[in-house]
$ cat my_file_6.pdb   # PDB, C-alpha atoms
ATOM      1  CA  MET A  29     -38.740 -20.633  81.044
ATOM      2  CA  LYS A  30     -40.238 -22.603  78.150
ATOM      3  CA  ALA A  31     -38.561 -20.290  75.646
ATOM      4  CA  TYR A  32     -35.218 -20.747  77.453
ATOM      5  CA  ARG A  33     -35.595 -24.528  77.401
ATOM      6  CA  ALA A  34     -36.552 -24.489  73.733
ATOM      7  CA  THR A  35     -33.527 -22.351  72.941
ATOM      8  CA  GLY A  36     -31.290 -24.669  74.968
ATOM      9  CA  VAL A  37     -32.557 -27.722  73.082
ATOM     10  CA  TRP A  38     -32.035 -25.910  69.755
ATOM     11  CA  VAL A  39     -28.445 -25.004  70.701
ATOM     12  CA  SER A  40     -27.748 -28.527  71.965
ATOM     13  CA  ARG A  41     -29.022 -30.110  68.752
ATOM     14  CA  HIS A  42     -26.984 -27.781  66.604
ATOM     15  CA  GLN A  43     -23.889 -28.418  68.706
ATOM     16  CA  GLN A  44     -24.387 -32.147  68.256
ATOM     17  CA  ALA A  45     -24.806 -31.665  64.512
ATOM     18  CA  LEU A  46     -21.614 -29.593  64.453
ATOM     19  CA  PHE A  47     -19.594 -32.429  66.024
ATOM     20  CA  VAL A  48     -21.107 -34.918  63.579
ATOM     21  CA  TRP A  49     -20.042 -32.692  60.700
ATOM     22  CA  VAL A  50     -16.554 -32.295  62.152
ATOM     23  CA  SER A  51     -16.263 -36.081  62.413
ATOM     24  CA  ALA A  52     -17.475 -36.486  58.837
ATOM     25  CA  ILE A  53     -14.949 -33.935  57.539
ATOM     26  CA  ILE A  54     -12.156 -35.745  59.385
ATOM     27  CA  LEU A  55     -13.237 -39.015  57.763
ATOM     28  CA  VAL A  56     -13.239 -37.440  54.298
ATOM     29  CA  PHE A  57      -9.796 -35.920  54.845
ATOM     30  CA  LEU A  58      -8.470 -39.231  56.187
ATOM     31  CA  GLY A  59      -9.885 -41.181  53.267
ATOM     32  CA  VAL A  60      -8.424 -38.858  50.645
ATOM     33  CA  SER A  61      -5.057 -38.757  52.415
ATOM     34  CA  MET A  62      -4.807 -42.545  52.649
ATOM     35  CA  ALA A  63      -5.835 -42.964  49.004
ATOM     36  CA  VAL A  64      -3.143 -40.513  47.896
ATOM     37  CA  MET A  65      -0.470 -42.198  50.000
ATOM     38  CA  ALA A  66      -1.528 -45.667  48.835
ATOM     39  CA  THR A  67      -1.226 -44.768  45.164
ATOM     40  CA  ASP A  68       1.933 -42.621  45.193
ATOM     41  CA  GLY A  69       4.223 -45.474  44.096
ATOM     42  CA  HIS A  70       6.426 -45.571  47.196
ATOM     43  CA  PRO A  71       8.858 -48.494  47.685
ATOM     44  CA  MET A  72       7.594 -51.743  49.159
ATOM     45  CA  SER A  73       7.759 -51.804  52.938
ATOM     46  CA  PHE A  74      10.099 -53.704  55.223
ATOM     47  CA  LEU A  75       6.935 -55.092  56.822
ATOM     48  CA  ASP A  76       6.685 -58.088  54.455
ATOM     49  CA  GLU A  77       4.874 -56.185  51.734
ATOM     50  CA  HIS A  78       6.576 -58.142  48.951
ATOM     51  CA  VAL A  79       5.346 -61.322  50.659
ATOM     52  CA  HIS A  80       1.752 -60.099  50.732
ATOM     53  CA  TYR A  81       1.985 -58.768  47.192
ATOM     54  CA  ASP A  82       3.128 -62.197  46.054
ATOM     55  CA  THR A  83       0.140 -63.848  47.757
ATOM     56  CA  ALA A  84      -2.219 -61.378  46.059
ATOM     57  CA  LEU A  85      -0.701 -62.159  42.665
ATOM     58  CA  LYS A  86      -1.079 -65.879  43.294
ATOM     59  CA  MET A  87      -4.728 -65.312  44.209
ATOM     60  CA  HIS A  88      -5.137 -63.410  40.921
ATOM     61  CA  GLU A  89      -3.989 -66.562  39.141
ATOM     62  CA  GLY A  90      -6.424 -68.648  41.166
ATOM     63  CA  GLU A  91      -3.769 -70.174  43.420
ATOM     64  CA  LEU A  92      -3.325 -70.414  47.173
ATOM     65  CA  SER A  93       0.125 -69.899  48.605
ATOM     66  CA  HIS A  94       1.685 -72.884  50.332
ATOM     67  CA  ARG A  95       4.849 -73.658  52.226
ATOM     68  CA  GLY A  96       7.417 -74.159  49.501
ATOM     69  CA  ALA A  97       5.874 -71.804  46.929
ATOM     70  CA  LEU A  98       8.367 -69.568  45.123
ATOM     71  CA  TYR A  99       7.924 -65.833  44.720
ATOM     72  CA  GLU A 100       6.286 -64.704  41.492
ATOM     73  CA  GLN A 101       8.656 -63.160  38.980
ATOM     74  CA  GLU A 102       6.418 -60.084  38.958
ATOM     75  CA  VAL A 103       7.376 -59.455  42.587
ATOM     76  CA  VAL A 104      11.079 -59.592  41.699
ATOM     77  CA  ASP A 105      10.541 -57.283  38.731
ATOM     78  CA  GLU A 106       8.629 -54.820  40.908
ATOM     79  CA  TRP A 107      11.446 -54.890  43.453
ATOM     80  CA  VAL A 108      14.162 -54.174  40.903
ATOM     81  CA  CYS A 109      12.453 -52.423  37.991
ATOM     82  CA  GLY A 110       9.361 -50.907  39.640
ATOM     83  CA  VAL A 111       8.786 -49.046  42.879
ATOM     84  CA  GLY A 112      11.693 -50.795  44.579
ATOM     85  CA  HIS A 113      11.980 -51.902  48.195
ATOM     86  CA  GLN A 114      12.997 -50.189  51.415
ATOM     87  CA  ALA A 115      15.595 -52.929  51.872
ATOM     88  CA  GLY A 116      17.444 -51.764  48.752
ATOM     89  CA  GLY A 117      18.261 -53.489  45.478
ATOM     90  CA  LEU A 118      19.035 -57.115  44.706
ATOM     91  CA  VAL A 119      22.180 -58.839  43.488
ATOM     92  CA  HIS A 120      21.202 -58.514  39.821
ATOM     93  CA  GLY A 121      19.783 -55.319  38.369
ATOM     94  CA  CYS A 122      16.830 -54.552  36.125
ATOM     95  CA  GLY A 123      17.162 -56.242  32.744
ATOM     96  CA  ASP A 124      19.873 -58.630  33.888
ATOM     97  CA  PRO A 125      19.107 -62.090  32.432
ATOM     98  CA  LEU A 126      20.337 -63.668  35.666
ATOM     99  CA  LEU A 127      17.667 -61.884  37.722
ATOM    100  CA  ASN A 128      15.295 -64.426  39.315
ATOM    101  CA  VAL A 129      13.513 -65.325  42.544
ATOM    102  CA  ARG A 130      16.719 -66.665  44.094
ATOM    103  CA  ASP A 131      17.923 -63.050  44.354
ATOM    104  CA  VAL A 132      15.235 -62.129  46.901
ATOM    105  CA  THR A 133      17.035 -61.345  50.148
ATOM    106  CA  SER A 134      14.361 -63.013  52.277
ATOM    107  CA  GLY A 135      14.842 -66.273  50.379
ATOM    108  CA  GLN A 136      13.206 -67.714  47.293
ATOM    109  CA  TYR A 137      10.326 -69.278  49.264
ATOM    110  CA  THR A 138       7.430 -67.039  50.250
ATOM    111  CA  SER A 139       6.119 -67.073  53.793
ATOM    112  CA  GLY A 140       2.745 -65.804  52.632
ATOM    113  CA  TYR A 141       1.153 -69.193  53.280
ATOM    114  CA  ILE A 142       0.858 -68.319  56.983
ATOM    115  CA  HIS A 143      -1.957 -65.857  56.243
ATOM    116  CA  TYR A 144      -5.586 -66.800  55.778
ATOM    117  CA  PRO A 145      -6.766 -66.168  52.188
ATOM    118  CA  THR A 146      -9.659 -63.947  53.330
ATOM    119  CA  TYR A 147      -7.958 -60.576  52.810
ATOM    120  CA  PHE A 148      -6.541 -61.657  49.460
ATOM    121  CA  VAL A 149      -9.908 -62.888  48.193
ATOM    122  CA  GLY A 150     -11.318 -59.476  49.037
ATOM    123  CA  ALA A 151      -8.358 -57.762  47.367
ATOM    124  CA  GLU A 152      -8.932 -59.763  44.197
ATOM    125  CA  MET A 153     -12.619 -58.883  44.161
ATOM    126  CA  PHE A 154     -11.693 -55.221  44.629
ATOM    127  CA  ARG A 155      -9.175 -55.429  41.783
ATOM    128  CA  THR A 156     -11.796 -57.041  39.534
ATOM    129  CA  VAL A 157     -14.218 -54.166  40.145
ATOM    130  CA  VAL A 158     -11.542 -51.489  39.641
ATOM    131  CA  ASP A 159     -10.344 -53.132  36.419
ATOM    132  CA  ALA A 160     -13.912 -53.420  35.124
ATOM    133  CA  VAL A 161     -14.743 -49.773  35.848
ATOM    134  CA  PHE A 162     -11.447 -48.014  35.136
ATOM    135  CA  GLY A 163      -9.488 -50.530  33.081
ATOM    136  CA  GLU A 164      -6.360 -52.328  34.210
ATOM    137  CA  HIS A 165      -4.144 -50.216  36.414
ATOM    138  CA  PHE A 166      -0.932 -50.621  38.347
ATOM    139  CA  ASP A 167      -1.536 -53.838  40.326
ATOM    140  CA  LEU A 168       0.406 -52.848  43.426
ATOM    141  CA  SER A 169      -1.414 -49.522  43.762
ATOM    142  CA  VAL A 170      -4.827 -51.190  43.409
ATOM    143  CA  TYR A 171      -4.051 -53.644  46.187
ATOM    144  CA  ARG A 172      -2.716 -50.828  48.370
ATOM    145  CA  LEU A 173      -5.857 -48.831  47.716
ATOM    146  CA  PHE A 174      -7.876 -51.821  48.927
ATOM    147  CA  SER A 175      -5.974 -51.658  52.217
ATOM    148  CA  ALA A 176      -6.749 -47.943  52.459
ATOM    149  CA  VAL A 177     -10.451 -48.630  51.913
ATOM    150  CA  LEU A 178     -10.466 -51.275  54.647
ATOM    151  CA  MET A 179      -8.701 -48.939  57.048
ATOM    152  CA  TRP A 180     -11.158 -46.143  56.284
ATOM    153  CA  LEU A 181     -14.154 -48.432  56.752
ATOM    154  CA  GLY A 182     -12.756 -49.447  60.130
ATOM    155  CA  VAL A 183     -12.354 -45.861  61.307
ATOM    156  CA  ALA A 184     -15.806 -44.945  59.980
ATOM    157  CA  LEU A 185     -17.328 -47.882  61.866
ATOM    158  CA  CYS A 186     -15.659 -46.650  65.041
ATOM    159  CA  GLY A 187     -17.667 -43.469  64.627
ATOM    160  CA  VAL A 188     -20.889 -45.310  63.808
ATOM    161  CA  PHE A 189     -20.654 -47.577  66.853
ATOM    162  CA  ALA A 190     -19.650 -44.673  69.090
ATOM    163  CA  PHE A 191     -22.790 -42.813  67.998
ATOM    164  CA  ALA A 192     -24.916 -45.930  68.550
ATOM    165  CA  LEU A 193     -23.470 -46.247  72.061
ATOM    166  CA  GLY A 194     -24.506 -42.684  72.856
ATOM    167  CA  ILE A 195     -21.066 -41.078  72.623
ATOM    168  CA  ARG A 196     -21.358 -37.464  71.486
ATOM    169  CA  ARG A 197     -19.417 -34.221  71.102
ATOM    170  CA  TRP A 198     -15.633 -34.581  71.500
ATOM    171  CA  GLY A 199     -16.007 -38.266  72.278
ATOM    172  CA  LEU A 200     -17.410 -38.798  68.792
ATOM    173  CA  VAL A 201     -14.520 -36.871  67.251
ATOM    174  CA  ALA A 202     -12.070 -38.962  69.270
ATOM    175  CA  ALA A 203     -13.719 -42.133  67.973
ATOM    176  CA  VAL A 204     -12.782 -41.260  64.381
ATOM    177  CA  THR A 205      -9.296 -39.959  65.134
ATOM    178  CA  LEU A 206      -7.623 -41.947  67.915
ATOM    179  CA  PRO A 207      -7.939 -45.441  66.337
ATOM    180  CA  ALA A 208      -5.660 -44.418  63.455
ATOM    181  CA  ALA A 209      -3.586 -41.809  65.270
ATOM    182  CA  ALA A 210      -0.477 -44.007  65.604
ATOM    183  CA  THR A 211       1.856 -44.098  62.618
ATOM    184  CA  SER A 212       2.382 -47.825  63.089
ATOM    185  CA  ILE A 213      -1.363 -48.330  62.485
ATOM    186  CA  LEU A 214      -1.968 -45.785  59.733
ATOM    187  CA  VAL A 215       0.992 -47.014  57.653
ATOM    188  CA  MET A 216      -0.865 -50.308  57.184
ATOM    189  CA  ALA A 217      -3.312 -48.452  54.941
ATOM    190  CA  THR A 218      -0.532 -47.635  52.477
ATOM    191  CA  MET A 219       0.699 -51.155  51.749
ATOM    192  CA  VAL A 220      -0.523 -54.591  50.747
ATOM    193  CA  THR A 221      -1.075 -56.256  54.116
ATOM    194  CA  PRO A 222      -3.849 -58.181  55.898
ATOM    195  CA  ASN A 223      -3.058 -56.077  58.974
ATOM    196  CA  SER A 224      -4.944 -53.210  57.329
ATOM    197  CA  THR A 225      -8.085 -55.009  58.571
ATOM    198  CA  ALA A 226      -7.173 -54.548  62.245
ATOM    199  CA  ILE A 227      -9.296 -51.447  62.926
ATOM    200  CA  LEU A 228     -12.230 -52.806  60.929
ATOM    201  CA  ALA A 229     -12.203 -56.076  62.854
ATOM    202  CA  GLY A 230     -11.668 -54.291  66.162
ATOM    203  CA  ALA A 231     -14.524 -51.878  65.515
ATOM    204  CA  LEU A 232     -16.945 -54.688  64.673
ATOM    205  CA  VAL A 233     -16.004 -56.809  67.692
ATOM    206  CA  ALA A 234     -15.860 -53.922  70.163
ATOM    207  CA  GLY A 235     -18.962 -52.220  68.767
ATOM    208  CA  THR A 236     -21.210 -55.276  68.752
ATOM    209  CA  GLY A 237     -19.802 -56.441  72.081
ATOM    210  CA  LEU A 238     -20.387 -53.148  73.861
ATOM    211  CA  LEU A 239     -23.898 -52.871  72.425
ATOM    212  CA  TRP A 240     -24.571 -56.398  73.690
ATOM    213  CA  ILE A 241     -23.442 -55.356  77.166
ATOM    214  CA  LYS A 242     -25.438 -52.135  77.081
ATOM    215  CA  ARG A 243     -28.669 -53.647  75.749
ATOM    216  CA  GLY A 244     -28.434 -57.161  77.139
ATOM    217  CA  ARG A 245     -29.150 -58.672  73.733
ATOM    218  CA  GLY A 246     -27.311 -59.109  70.451
ATOM    219  CA  PHE A 247     -24.754 -61.811  71.314
ATOM    220  CA  LEU A 248     -25.245 -63.292  67.843
ATOM    221  CA  TRP A 249     -23.842 -60.108  66.290
ATOM    222  CA  LEU A 250     -20.783 -60.321  68.540
ATOM    223  CA  ALA A 251     -20.304 -63.972  67.560
ATOM    224  CA  LEU A 252     -20.558 -63.145  63.844
ATOM    225  CA  SER A 253     -18.174 -60.209  64.201
ATOM    226  CA  SER A 254     -15.754 -62.442  66.089
ATOM    227  CA  LEU A 255     -15.942 -65.046  63.328
ATOM    228  CA  PHE A 256     -15.232 -62.379  60.725
ATOM    229  CA  ALA A 257     -12.255 -61.052  62.684
ATOM    230  CA  SER A 258     -10.877 -64.531  63.413
ATOM    231  CA  CYS A 259     -10.926 -65.431  59.724
ATOM    232  CA  LEU A 260      -8.983 -62.312  58.701
ATOM    233  CA  VAL A 261      -5.741 -62.355  60.675
ATOM    234  CA  VAL A 262      -4.915 -64.013  63.995
ATOM    235  CA  ILE A 263      -4.164 -60.660  65.630
ATOM    236  CA  SER A 264      -7.523 -59.289  64.478
ATOM    237  CA  SER A 265      -9.233 -61.689  66.870
ATOM    238  CA  LEU A 266      -7.400 -60.294  69.913
ATOM    239  CA  PRO A 267     -10.310 -57.987  70.930
ATOM    240  CA  VAL A 268     -12.499 -61.095  71.234
ATOM    241  CA  GLY A 269     -10.231 -62.266  74.050
ATOM    242  CA  GLY A 270     -11.293 -59.289  76.140
ATOM    243  CA  PHE A 271     -14.951 -60.322  75.963
ATOM    244  CA  ILE A 272     -14.083 -63.972  76.662
ATOM    245  CA  LEU A 273     -12.263 -62.945  79.839
ATOM    246  CA  LEU A 274     -15.112 -60.640  80.801
ATOM    247  CA  ILE A 275     -17.674 -63.426  80.383
ATOM    248  CA  PHE A 276     -15.611 -65.847  82.453
ATOM    249  CA  ALA A 277     -15.043 -63.183  85.128
ATOM    250  CA  ALA A 278     -18.766 -62.496  85.254
ATOM    251  CA  SER A 279     -19.486 -66.222  85.570
ATOM    252  CA  ILE A 280     -17.067 -66.509  88.485
ATOM    253  CA  ALA A 281     -18.631 -63.464  90.116
ATOM    254  CA  ARG A 282     -22.105 -64.950  89.700
ATOM    255  CA  ALA A 283     -20.909 -68.221  91.266
ATOM    256  CA  ALA A 284     -19.695 -66.122  94.202
ATOM    257  CA  LYS A 285     -23.271 -64.795  94.578
ATOM    258  CA  TRP A 286     -22.531 -61.343  93.186
ATOM    259  CA  LYS A 287     -25.553 -59.641  91.737
ATOM    260  CA  PHE A 288     -25.584 -57.947  88.334
ATOM    261  CA  ASP A 289     -27.700 -54.876  87.780
ATOM    262  CA  GLY A 290     -28.816 -54.008  84.299
ATOM    263  CA  PRO A 291     -29.827 -56.076  81.260
ATOM    264  CA  TRP A 292     -26.456 -57.790  80.633
ATOM    265  CA  GLN A 293     -26.518 -61.344  81.958
ATOM    266  CA  PRO A 294     -23.712 -63.292  80.242
ATOM    267  CA  ARG A 295     -23.607 -67.091  80.264
ATOM    268  CA  LEU A 296     -20.573 -69.342  80.446
ATOM    269  CA  TRP A 297     -21.453 -71.106  77.183
ATOM    270  CA  GLN A 298     -21.131 -67.794  75.365
ATOM    271  CA  GLY A 299     -17.482 -67.567  76.411
ATOM    272  CA  PHE A 300     -16.830 -71.077  75.124
ATOM    273  CA  VAL A 301     -18.521 -70.248  71.805
ATOM    274  CA  LEU A 302     -16.270 -67.234  71.325
ATOM    275  CA  ALA A 303     -13.204 -69.296  72.292
ATOM    276  CA  VAL A 304     -14.047 -71.922  69.657
ATOM    277  CA  ILE A 305     -14.557 -69.187  67.065
ATOM    278  CA  VAL A 306     -11.081 -67.812  67.788
ATOM    279  CA  VAL A 307      -9.253 -71.152  67.877
ATOM    280  CA  ALA A 308     -10.985 -73.047  65.044
ATOM    281  CA  PRO A 309      -9.513 -71.038  62.108
ATOM    282  CA  VAL A 310      -6.008 -71.402  63.558
ATOM    283  CA  ILE A 311      -6.328 -75.179  63.731
ATOM    284  CA  ALA A 312      -7.983 -75.495  60.325
ATOM    285  CA  TRP A 313      -5.408 -73.336  58.534
ATOM    286  CA  GLY A 314      -2.571 -75.078  60.347
ATOM    287  CA  ARG A 315      -3.764 -78.376  58.907
ATOM    288  CA  TYR A 316      -3.899 -76.855  55.433
ATOM    289  CA  ILE A 317      -0.311 -75.637  55.775
ATOM    290  CA  THR A 318       0.865 -79.073  56.870
ATOM    291  CA  ALA A 319      -1.079 -80.894  54.157
ATOM    292  CA  THR A 320       0.166 -78.707  51.284
ATOM    293  CA  ALA A 321       3.784 -78.154  52.378
ATOM    294  CA  THR A 322       6.491 -79.168  49.905
ATOM    295  CA  VAL A 323       9.504 -78.015  51.959
ATOM    296  CA  THR A 324      10.356 -77.809  55.639
ATOM    297  CA  ASN A 325      10.295 -74.751  57.883
ATOM    298  CA  ASP A 326      14.089 -74.835  58.039
ATOM    299  CA  GLU A 327      14.289 -74.419  54.254
ATOM    300  CA  VAL A 328      11.825 -71.530  54.165
ATOM    301  CA  TYR A 329      13.372 -69.606  57.032
ATOM    302  CA  ALA A 330      17.036 -70.396  56.414
ATOM    303  CA  PRO A 331      17.797 -66.731  55.441
ATOM    304  CA  TYR A 332      16.438 -65.617  58.824
ATOM    305  CA  GLN A 333      18.933 -67.554  60.923
ATOM    306  CA  LEU A 334      20.427 -65.312  63.603
ATOM    307  CA  GLN A 335      23.876 -64.129  62.526
ATOM    308  CA  GLY A 336      24.497 -61.956  65.554
ATOM    309  CA  TRP A 337      22.674 -59.174  67.388
ATOM    310  CA  ARG A 338      24.168 -56.270  65.472
ATOM    311  CA  PRO A 339      22.090 -56.816  62.277
ATOM    312  CA  VAL A 340      18.996 -57.210  64.454
ATOM    313  CA  ILE A 341      19.569 -53.914  66.269
ATOM    314  CA  VAL A 342      20.450 -52.040  63.075
ATOM    315  CA  GLY A 343      17.383 -53.441  61.314
ATOM    316  CA  ALA A 344      15.114 -52.502  64.213
ATOM    317  CA  VAL A 345      16.379 -48.918  64.169
ATOM    318  CA  GLN A 346      15.952 -48.688  60.379
ATOM    319  CA  GLU A 347      12.421 -50.032  60.607
ATOM    320  CA  ALA A 348      11.512 -47.602  63.381
ATOM    321  CA  PHE A 349      12.455 -44.629  61.190
ATOM    322  CA  ALA A 350      11.204 -46.075  57.897
ATOM    323  CA  PHE A 351       7.676 -44.672  58.326
TER     324      PHE A 351
END
$ encode --input "my_file_6.pdb" --output "structure tokens"
Amino acid sequence: MKAYRATGVWVSRHQQALFVWVSAIILVFLGVSMAVMATDGHPMSFLDEHVHYDTALKMHEGELSHRGALYEQEVVDEWVCGVGHQAGGLVHGCGDPLLNVRDVTSGQYTSGYIHYPTYFVGAEMFRTVVDAVFGEHFDLSVYRLFSAVLMWLGVALCGVFAFALGIRRWGLVAAVTLPAAATSILVMATMVTPNSTAILAGALVAGTGLLWIKRGRGFLWLALSSLFASCLVVISSLPVGGFILLIFAASIARAAKWKFDGPWQPRLWQGFVLAVIVVAPVIAWGRYITATATVTNDEVYAPYQLQGWRPVIVGAVQEAFAF
């Protein structure tokens, strides 16, 4: 009996190790694939990539985008003379002396000011390291590679937190595959976009939050993860909302004399702390936008005025099949 049990433990441990190795191989394959796709020189995406690229270039010059800022000429040159854009060419071609920012089909004013600078600060730091180690390379590809790294870190963290939560075997494999299984998510790793941080932010918030629930301690880590996510992109803070609702629901249940088994005993103040963390960056950045604006919203978004539903439907179909 002892020999059987010892053999069973040995098999179980080796099976667990096998699934860990499978997960690691998947992560390596994913990382290499995303790096290749990010640096293959494909056209800029419909999904505002030229806007984000412009913001990254401004950050490289030590500037913050603001409402009324014009696109950098380098963005226009990249559109016409470089990798191009999924939307097609501009009015004036490469080398035409009349080519300038007014040719950009989305208007001469960038809308990049709506994004927090966090992602772009990180992108600039990444570019600085790459330039120092490998010399100056194609700017757009370096920024895209940064997005791929962020996406990979997010997927890897999904696996780390899953393991910490006791998830094993096929559940562990699922943790490093399902988060990036959708094309609409994975494509973010191949372009310059703050949305490439979504899985990373989600993994940190969900991982620390679930560990807090399981262990009954560690709220500070959830709060810090929520702050990190909230300062990246507004949508990256969405997972925090789930924990806010859960805390409020638990508080209501406790007021109704429901008993909670286990170590997790949330308090109402914790929900308010998370709510402030989510809302504060939105208010602060909104004030920055208002204080630095040099033109109105109508001037920035004039090219986006609805001209009928047909262009909207055609554009939606094109975007759906552009991946």
$ resolve_selection --input "my_file_6.pdb" --expression "the PyMOL selection byres ((chain A and resi 266-275) around 8)" --output "PyMOL selection string"
chain A and resi 230+233-234+237+254+262-265+276-279+294-296+298-300+302-303+306
$ closest_residue --input "my_file_6.pdb" --among "A:Val220, A:Leu238, A:Met72, A:Ala66" --to "A:Ala115" --atoms "all atoms listed in the file"
A:Met72
$ residues_around --input "my_file_6.pdb" --residues "A:Ser93" --least-positions-apart "6" --cutoff "9 Å" --atoms "only C-alpha atoms" --output "list of chain:residue names"
A:Asp82, A:Thr83, A:Lys86, A:Met87, A:Thr138, A:Ser139, A:Gly140, A:Tyr141, A:Ile142, A:His143, A:Pro145
$ closest_residue --input "my_file_6.pdb" --among "A:Cys109, A:Val79, A:Val48, A:Val56" --to "A:Leu181" --atoms "only C-alpha atoms"
A:Val56
$ closest_residue --input "my_file_6.pdb" --among "A:Leu127, A:Leu185, A:Pro222, A:Ala192" --to "A:Trp240" --atoms "only C-alpha atoms"
A:Ala192
$ atom_distance --input "my_file_6.pdb" --atom1 "atom CA of A:Ala209" --atom2 "atom CA of A:Phe191"
19.4 Å
$ residues_near_point --input "my_file_6.pdb" --point "(-17.3, -46.0, 70.7)" --cutoff "10 Å" --atoms "only C-alpha atoms" --output "PyMOL selection string"
chain A and resi 185-196+199-200+202-204+231+234-235+238-239
$ resolve_selection --input "my_file_6.pdb" --expression "the PyMOL selection byres ((chain A and resi 64) around 12)" --output "list in words"
Phe57, Leu58, Gly59, Val60, Ser61, Met62, Ala63, Met65, Ala66, Thr67, Asp68, Gly69, His70, Ser169, Val170, Arg172, Leu173, Ala176, Val177, Ala217, Thr218 and Met219 of chain A
$ write_last_selection --input "my_file_6.pdb" --atoms "C-alpha atoms" --output "short mmCIF file (atom, residue, chain, number, x, y, z; two decimals), in the coordinates of the input"
data_model
loop_
_atom_site.label_atom_id
_atom_site.label_comp_id
_atom_site.auth_asym_id
_atom_site.auth_seq_id
_atom_site.Cartn_x
_atom_site.Cartn_y
_atom_site.Cartn_z
CA PHE A 57 -9.80 -35.92 54.84
CA LEU A 58 -8.47 -39.23 56.19
CA GLY A 59 -9.88 -41.18 53.27
CA VAL A 60 -8.42 -38.86 50.64
CA SER A 61 -5.06 -38.76 52.42
CA MET A 62 -4.81 -42.54 52.65
CA ALA A 63 -5.84 -42.96 49.00
CA MET A 65 -0.47 -42.20 50.00
CA ALA A 66 -1.53 -45.67 48.84
CA THR A 67 -1.23 -44.77 45.16
CA ASP A 68 1.93 -42.62 45.19
CA GLY A 69 4.22 -45.47 44.10
CA HIS A 70 6.43 -45.57 47.20
CA SER A 169 -1.41 -49.52 43.76
CA VAL A 170 -4.83 -51.19 43.41
CA ARG A 172 -2.72 -50.83 48.37
CA LEU A 173 -5.86 -48.83 47.72
CA ALA A 176 -6.75 -47.94 52.46
CA VAL A 177 -10.45 -48.63 51.91
CA ALA A 217 -3.31 -48.45 54.94
CA THR A 218 -0.53 -47.64 52.48
CA MET A 219 0.70 -51.16 51.75
#
$ resolve_selection --input "my_file_6.pdb" --expression "the PyMOL selection byres ((chain A and resi 314) around 12)" --output "list in words"
His94, Arg95, Tyr141, Ile142, His143, Tyr144, Val262, Val307, Ala308, Pro309, Val310, Ile311, Ala312, Trp313, Arg315, Tyr316, Ile317, Thr318, Ala319, Thr320 and Ala321 of chain A
$ axis_aligned_box --input "my_file_6.pdb" --around "stretch 263-266 of chain A" --padding-each-side "3 Å" --output "AutoDock Vina command-line options"
--center_x -6.7 --center_y -60.5 --center_z 67.2 --size_x 11.1 --size_y 8.4 --size_z 11.4
$ closest_residue --input "my_file_6.pdb" --among "A:Val104, A:Leu228, A:Leu168, A:Leu92" --to "A:Val261" --atoms "all atoms listed in the file"
A:Leu228
$ atom_distance --input "my_file_6.pdb" --atom1 "atom CA of A:Gln101" --atom2 "atom CA of A:Tyr81"
11.5 Å
